[in-house]
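**Q** So here's final_32.cif (mmCIF, C-alpha atoms and all ligand atoms).
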```cif
data_model
loop_
_atom_site.label_atom_id
_atom_site.label_comp_id
_atom_site.auth_asym_id
_atom_site.auth_seq_id
_atom_site.Cartn_x
_atom_site.Cartn_y
_atom_site.Cartn_z
CA MET P 161 27.79 -0.45 30.57
CA GLN P 162 29.42 2.45 32.35
CA VAL P 163 32.27 4.59 30.95
CA GLY P 164 33.28 6.64 33.96
CA GLY P 165 30.26 8.87 34.55
CA ILE P 166 28.69 8.10 31.15
CA ARG P 167 26.01 5.42 30.87
CA VAL P 168 25.98 3.46 27.59
CA ASP P 169 23.27 0.98 26.57
CA ALA P 170 23.33 -1.01 23.33
CA ILE P 171 20.02 -1.51 21.52
CA SER P 172 19.55 -3.54 18.36
CA ASP P 173 16.93 -2.22 15.94
CA GLY P 174 16.73 -5.58 14.21
CA THR P 175 18.63 -8.13 12.16
CA PHE P 176 21.16 -7.98 9.36
CA THR P 177 21.88 -11.34 7.73
CA VAL P 178 25.36 -11.20 6.22
CA HIS P 179 26.90 -13.52 3.60
CA PRO P 180 30.69 -13.93 3.11
CA LYS P 181 30.33 -12.05 -0.20
CA TYR P 182 29.55 -8.93 1.87
CA PHE P 183 33.28 -8.81 2.59
CA GLY P 184 34.42 -9.07 -1.03
CA ALA P 185 33.53 -10.71 -4.35
CA ASP P 186 36.59 -12.99 -3.98
CA VAL P 187 35.59 -14.31 -0.56
CA PRO P 188 34.29 -17.89 -1.05
CA ALA P 189 30.72 -18.64 -0.03
CA GLY P 190 32.00 -21.37 2.30
CA ALA P 191 34.44 -19.13 4.20
CA ARG P 192 34.57 -19.22 8.00
CA PRO P 193 31.75 -21.75 8.54
CA GLU P 194 32.01 -21.24 12.30
CA PHE P 195 30.76 -17.67 11.77
CA PHE P 196 28.44 -18.01 8.76
CA ALA P 197 26.54 -20.88 10.29
CA ARG P 198 23.34 -21.59 8.36
CA ASP P 199 22.95 -21.08 4.59
CA HIS P 200 26.30 -19.21 4.68
CA LEU P 201 24.66 -16.37 6.60
CA ALA P 202 25.55 -14.71 9.90
CA TRP P 203 22.78 -13.09 11.97
CA MET P 204 24.07 -9.71 13.07
CA PRO P 205 22.39 -6.87 14.98
CA ILE P 206 21.52 -3.41 13.66
CA GLY P 207 23.14 -1.53 16.51
CA CYS P 208 22.20 1.76 18.12
CA PHE P 209 23.68 3.07 21.37
CA LEU P 210 21.97 5.19 24.00
CA VAL P 211 24.55 7.43 25.67
CA ARG P 212 23.54 9.35 28.79
CA ALA P 213 26.14 11.99 29.67
CA GLY P 214 25.35 14.86 32.02
CA ASP P 215 22.00 16.33 30.98
CA ARG P 216 22.17 14.89 27.44
CA THR P 217 20.40 11.76 26.23
CA ILE P 218 22.20 10.90 23.03
CA LEU P 219 21.30 8.26 20.48
CA VAL P 220 24.22 7.07 18.37
CA ASP P 221 22.67 5.85 15.10
CA ALA P 222 18.98 5.60 14.35
CA GLY P 223 18.71 2.05 13.03
CA MET P 224 16.83 0.75 10.01
CA GLY P 225 13.47 2.08 11.13
CA PRO P 226 10.21 0.17 10.57
CA ASP P 227 11.51 -0.94 7.22
CA GLN P 228 13.40 -3.71 5.46
CA ASP P 229 15.80 -4.17 2.60
CA GLU P 230 16.96 -7.10 0.51
CA LEU P 231 20.55 -7.36 -0.71
CA PRO P 232 22.23 -9.95 -2.97
CA HIS P 233 23.20 -13.46 -1.75
CA GLY P 234 20.23 -13.77 0.63
CA MET P 235 21.34 -10.82 2.74
CA ARG P 236 18.54 -8.88 4.35
CA LEU P 237 18.04 -6.01 6.80
CA VAL P 238 14.92 -5.97 8.97
CA GLY P 239 14.51 -3.11 11.44
CA GLY P 240 11.81 -1.80 13.73
CA GLN P 241 12.91 -2.74 17.26
CA LEU P 242 14.58 0.49 18.47
CA PHE P 243 11.61 1.78 20.45
CA ALA P 244 11.16 -1.56 22.23
CA GLY P 245 14.73 -1.14 23.48
CA LEU P 246 14.35 2.53 24.36
CA GLY P 247 11.08 1.81 26.17
CA ALA P 248 12.75 -0.88 28.28
CA LEU P 249 15.22 1.79 29.38
CA GLY P 250 12.38 4.21 30.18
CA VAL P 251 13.28 6.55 27.32
CA GLY P 252 10.81 7.99 24.81
CA ALA P 253 11.31 9.82 21.52
CA ALA P 254 10.92 13.25 23.16
CA ASP P 255 13.68 12.49 25.69
CA ILE P 256 16.39 12.23 23.03
CA THR P 257 18.39 15.48 22.99
CA ASP P 258 20.85 14.51 20.24
CA VAL P 259 21.23 11.90 17.52
CA VAL P 260 24.78 11.33 16.33
CA ILE P 261 24.73 9.61 12.95
CA THR P 262 27.86 7.60 12.11
CA HIS P 263 26.88 7.58 8.44
CA PHE P 264 23.93 7.84 6.08
CA HIS P 265 23.40 4.20 5.10
CA THR P 266 19.75 3.27 5.54
CA ASP P 267 20.37 0.99 8.54
CA HIS P 268 21.71 3.96 10.54
CA ILE P 269 19.20 6.72 9.73
CA GLY P 270 15.93 4.82 9.38
CA TRP P 271 14.18 6.24 12.45
CA LEU P 272 15.15 9.90 11.92
CA PHE P 273 12.11 10.93 9.89
CA ASP P 274 8.67 9.41 9.33
CA LEU P 275 7.13 8.88 5.89
CA ALA P 276 5.91 12.52 5.95
CA ALA P 277 9.57 13.58 6.47
CA GLU P 278 8.78 14.84 10.00
CA PRO P 279 11.31 14.24 12.82
CA VAL P 280 10.65 11.13 14.92
CA PHE P 281 12.74 12.65 17.75
CA PRO P 282 11.09 16.09 18.06
CA ASN P 283 13.64 17.65 20.43
CA ALA P 284 16.84 16.20 19.01
CA GLU P 285 19.74 17.95 17.39
CA LEU P 286 21.39 15.89 14.65
CA TRP P 287 25.16 15.50 14.27
CA TYR P 288 26.78 14.01 11.17
CA GLY P 289 29.69 14.30 8.76
CA ALA P 290 29.09 17.02 6.17
CA ALA P 291 30.53 14.84 3.41
CA ASP P 292 27.74 12.28 3.95
CA PHE P 293 25.08 14.97 3.53
CA GLU P 294 26.77 15.98 0.28
CA TYR P 295 27.07 12.39 -0.96
CA PHE P 296 23.69 10.98 0.08
CA VAL P 297 21.28 13.94 0.34
CA THR P 298 22.42 16.27 -2.43
CA GLY P 299 24.71 13.84 -4.32
CA PRO P 300 24.56 10.41 -5.99
CA GLY P 301 24.29 8.19 -2.88
CA ASP P 302 21.26 5.99 -2.32
CA ILE P 303 18.79 7.22 0.33
CA ARG P 304 15.05 6.76 0.94
CA PRO P 305 13.09 9.79 -0.44
CA HIS P 306 11.37 10.63 2.89
CA LEU P 307 14.75 10.62 4.65
CA ARG P 308 16.25 12.90 1.99
CA ASP P 309 13.26 15.25 2.35
CA GLY P 310 13.59 15.21 6.15
CA PHE P 311 17.24 16.22 6.01
CA LEU P 312 16.51 18.98 3.50
CA THR P 313 13.46 20.35 5.35
CA HIS P 314 14.73 20.38 8.94
CA ARG P 315 18.15 22.02 8.63
CA SER P 316 18.01 24.34 11.65
CA ARG P 317 18.91 21.69 14.25
CA GLN P 318 21.57 19.90 12.24
CA HIS P 319 25.31 20.02 12.94
CA SER P 320 27.07 19.22 9.68
CA LEU P 321 30.66 18.45 10.69
CA THR P 322 33.80 19.09 8.68
CA GLN P 323 36.08 18.35 11.64
CA HIS P 324 35.96 16.58 15.00
CA ALA P 325 33.32 18.02 17.34
CA VAL P 326 32.42 17.79 21.04
CA VAL P 327 28.72 16.90 21.33
CA THR P 328 28.85 17.28 25.11
CA PRO P 329 31.84 16.93 27.46
CA GLY P 330 33.15 13.35 27.14
CA VAL P 331 31.33 12.65 23.86
CA THR P 332 33.30 13.51 20.72
CA ALA P 333 32.44 12.87 17.07
CA VAL P 334 35.61 11.88 15.19
CA LEU P 335 35.63 11.83 11.39
CA THR P 336 36.71 8.40 10.05
CA PRO P 337 36.03 8.48 6.29
CA GLY P 338 36.09 5.59 3.84
CA HIS P 339 33.07 3.40 4.49
CA THR P 340 31.23 6.58 3.54
CA PRO P 341 32.79 10.00 2.81
CA GLY P 342 31.56 11.57 6.06
CA HIS P 343 31.64 8.52 8.32
CA LEU P 344 32.34 9.31 11.97
CA CYS P 345 33.06 7.34 15.12
CA VAL P 346 32.03 8.47 18.59
CA SER P 347 34.74 8.61 21.23
CA LEU P 348 33.54 8.45 24.84
CA ALA P 349 35.83 9.43 27.73
CA SER P 350 35.08 9.98 31.39
CA GLY P 351 37.38 9.64 34.40
CA ASN P 352 40.09 7.23 33.26
CA GLU P 353 37.73 5.16 31.10
CA SER P 354 37.05 5.36 27.39
CA LEU P 355 35.10 3.61 24.64
CA LEU P 356 34.94 3.89 20.85
CA LEU P 357 31.61 3.49 19.05
CA LEU P 358 32.85 2.47 15.61
CA GLY P 359 29.74 2.66 13.43
CA ASP P 360 30.56 0.64 10.30
CA ALA P 361 34.22 1.74 10.05
CA ILE P 362 34.75 -1.86 11.16
CA THR P 363 31.79 -4.08 10.25
CA CYS P 364 32.81 -7.10 12.25
CA PRO P 365 35.78 -8.24 14.38
CA ILE P 366 36.34 -11.07 11.87
CA GLN P 367 38.02 -8.43 9.66
CA LEU P 368 40.97 -8.39 12.09
CA ALA P 369 41.70 -12.05 11.27
CA GLU P 370 40.86 -11.46 7.59
CA PRO P 371 42.54 -8.11 6.85
CA THR P 372 41.79 -8.26 3.11
CA TRP P 373 38.05 -8.36 3.73
CA HIS P 374 36.35 -5.10 2.83
CA SER P 375 32.74 -4.16 3.42
CA PHE P 376 30.06 -4.33 0.75
CA GLY P 377 29.04 -0.73 1.39
CA ASP P 378 32.52 0.85 1.37
CA VAL P 379 32.21 3.96 -0.81
CA ASP P 380 36.01 4.43 -0.95
CA ALA P 381 37.58 1.04 -0.26
CA PRO P 382 41.29 2.11 0.00
CA THR P 383 40.43 4.93 2.45
CA ALA P 384 38.13 2.60 4.41
CA ASP P 385 41.01 0.12 4.63
CA ARG P 386 43.40 2.78 5.99
CA THR P 387 40.79 3.91 8.52
CA ARG P 388 40.17 0.32 9.65
CA ARG P 389 43.89 -0.29 10.18
CA SER P 390 44.22 2.92 12.21
CA LEU P 391 41.23 1.95 14.36
CA TRP P 392 42.63 -1.54 15.03
CA GLN P 393 45.71 0.22 16.48
CA GLN P 394 43.54 2.41 18.72
CA LEU P 395 41.62 -0.69 19.84
CA ARG P 396 44.82 -2.07 21.39
CA THR P 397 44.42 0.45 24.20
CA THR P 398 40.80 1.61 23.99
CA PRO P 399 37.84 -0.79 23.93
CA GLY P 400 35.31 -0.43 21.15
CA VAL P 401 32.21 -1.83 19.51
CA GLY P 402 30.73 -1.48 16.02
CA ALA P 403 27.11 -1.23 15.00
CA HIS P 404 27.03 -4.82 13.71
CA PHE P 405 29.39 -6.55 16.15
CA PRO P 406 28.02 -9.86 17.50
CA SER P 407 25.72 -9.18 20.46
CA LEU P 408 26.94 -5.53 20.37
CA THR P 409 29.68 -6.64 22.74
CA THR P 410 32.69 -4.40 23.30
CA GLY P 411 36.23 -5.71 23.03
CA LYS P 412 39.90 -4.97 22.41
CA VAL P 413 42.84 -6.11 20.28
CA ASN P 414 45.37 -8.11 22.33
CA ALA P 415 49.17 -8.39 22.01
CA ALA P 416 48.77 -11.32 19.59
CA THR P 417 46.57 -9.13 17.35
CA GLU P 418 43.44 -11.10 18.14
CA TRP P 419 40.01 -9.72 18.99
CA VAL P 420 39.04 -10.30 22.62
CA ALA P 421 35.41 -9.56 23.44
CA ASP P 422 34.59 -8.38 26.96
ZN ZN P 501 25.37 -0.63 8.91
#
```
Let me see the structure of the file written as structure tokens.
Ligand SMILES: [Zn+2]
**A**
Amino acid sequence: MQVGGIRVDAISDGTFTVHPKYFGADVPAGARPEFFARDHLAWMPIGCFLVRAGDRTILVDAGMGPDQDELPHGMRLVGGQLFAGLGALGVGAADITDVVITHFHTDHIGWLFDLAAEPVFPNAELWYGAADFEYFVTGPGDIRPHLRDGFLTHRSRQHSLTQHAVVTPGVTAVLTPGHTPGHLCVSLASGNESLLLLGDAITCPIQLAEPTWHSFGDVDAPTADRTRRSLWQQLRTTPGVGAHFPSLTTGKVNAATEWVAD
């Protein structure tokens, strides 16, 4: 899709099967059968976005990597597809100038470093919320050892953000804490067009119709809830898409407070 002069392409790194219990222990297994179709699971993407703005080739989120993870209730994350998507767009690892990381959960940082903790994108600068580095890399958060080592070893090209930051004109990292302490969204603006890349601040548009539904990974649930409500307001005027939205399709909130996908 095009946002003014900025080109945006969605790429899924793989599959995330989600059970209603992801959204809260009180949510019944049989909730919303139209969404959780088979075995009470919904097949969702592991979204990354390639943003080409001026002379920058920016990857927003680095997927699960060639890796997988099992969660309770039959939920599972299987990554590994990012480079198939980049290749189809004619982009290789060395072309990426920046990686903006919405947060440090494994399904968003998996491709950053290989098992020897060396950068997969050799020319990229990394942008992330400083509070996520403190929570996941040097604090109690869960992170794969080679990813922790990569962050600790390759500090010189990392932008650890404590406030909003312009990555390149038209591409702004906006801190949106709650899902994780340093979670950020990416705001794109060019000409009179705009788009919000939401990361996991909103996991799925179904949370608009089910406002009490949290997200399994919310580190600070009350703050995540406040952030989600603020973002729903912004999505009345600005389209957006999250990293696990169905088909990585953008959409907006209409006057009846319903999600309308583009
Ligand atoms: Zn995620």
**Q** Residues at most 7 Å from segment 245-254 of chain P, counting all atoms listed in the file, excluding those fewer than 5 positions away in the same chain, as a VMD selection string?
**A** chain P and resid 171 280 to 283
**Q** List as a list in words the protein and nucleic acid residues near Arg236 of chain P, meaning an atom at most 6 Å away when all atoms listed in the file are counted, but skip any in the same chain fewer than 5 places from it.
**A**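 Skipping anything fewer than 5 positions along the chain leaves Phe176, Thr177, Asp229, Glu230 and Leu231 of chain P.
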**Q** Smallest atom-to-atom distance to ligand ZN 501 (chain P): which of P:Gln394, P:Asn352, P:Gln228, P:Thr363, using all atoms listed in the file?
**A**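 The shortest atom-to-atom distance to ligand ZN 501 (chain P) comes from P:Thr363.
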**Q** Tell me which protein, DNA and RNA residues are within 7 Å of Ser375 of chain P, counting all atoms listed in the file, leaving out same-chain ones fewer than 3 positions away, and put them as a ChimeraX atom specification.
**A** /P:182-184,363,378
**Q** 10 Å from ligand ZN 501 (chain P) is the threshold here; counting only C-alpha atoms and all ligand atoms, which polymer residues fall inside it? Answer as a PyMOL selection string.
**A** chain P and resi 176+205-207+221+223-224+237+262-269+339+359-363+375+377+402-404
**Q** For the residues in that selection, give me C-alpha atoms as a PDB file, in the coordinates of the input.
**A**
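Listed below is the output, selection_26.pdb:
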```pdb
ATOM      1  CA  PHE P 176      21.160  -7.980   9.360  1.00  0.00           C
ATOM      2  CA  PRO P 205      22.390  -6.870  14.980  1.00  0.00           C
ATOM      3  CA  ILE P 206      21.520  -3.410  13.660  1.00  0.00           C
ATOM      4  CA  GLY P 207      23.140  -1.530  16.510  1.00  0.00           C
ATOM      5  CA  ASP P 221      22.670   5.850  15.100  1.00  0.00           C
ATOM      6  CA  GLY P 223      18.710   2.050  13.030  1.00  0.00           C
ATOM      7  CA  MET P 224      16.830   0.750  10.010  1.00  0.00           C
ATOM      8  CA  LEU P 237      18.040  -6.010   6.800  1.00  0.00           C
ATOM      9  CA  THR P 262      27.860   7.600  12.110  1.00  0.00           C
ATOM     10  CA  HIS P 263      26.880   7.580   8.440  1.00  0.00           C
ATOM     11  CA  PHE P 264      23.930   7.840   6.080  1.00  0.00           C
ATOM     12  CA  HIS P 265      23.400   4.200   5.100  1.00  0.00           C
ATOM     13  CA  THR P 266      19.750   3.270   5.540  1.00  0.00           C
ATOM     14  CA  ASP P 267      20.370   0.990   8.540  1.00  0.00           C
ATOM     15  CA  HIS P 268      21.710   3.960  10.540  1.00  0.00           C
ATOM     16  CA  ILE P 269      19.200   6.720   9.730  1.00  0.00           C
ATOM     17  CA  HIS P 339      33.070   3.400   4.490  1.00  0.00           C
ATOM     18  CA  GLY P 359      29.740   2.660  13.430  1.00  0.00           C
ATOM     19  CA  ASP P 360      30.560   0.640  10.300  1.00  0.00           C
ATOM     20  CA  ALA P 361      34.220   1.740  10.050  1.00  0.00           C
ATOM     21  CA  ILE P 362      34.750  -1.860  11.160  1.00  0.00           C
ATOM     22  CA  THR P 363      31.790  -4.080  10.250  1.00  0.00           C
ATOM     23  CA  SER P 375      32.740  -4.160   3.420  1.00  0.00           C
ATOM     24  CA  GLY P 377      29.040  -0.730   1.390  1.00  0.00           C
ATOM     25  CA  GLY P 402      30.730  -1.480  16.020  1.00  0.00           C
ATOM     26  CA  ALA P 403      27.110  -1.230  15.000  1.00  0.00           C
ATOM     27  CA  HIS P 404      27.030  -4.820  13.710  1.00  0.00           C
TER      28      HIS P 404
END
```
**Q** Quick check, in Å to one decimal: how far apart do atom CA of Phe209 of chain P and atom CA of Ser172 of chain P lie?
**A**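 Rounded to one decimal, the two atoms are 8.4 Å apart.
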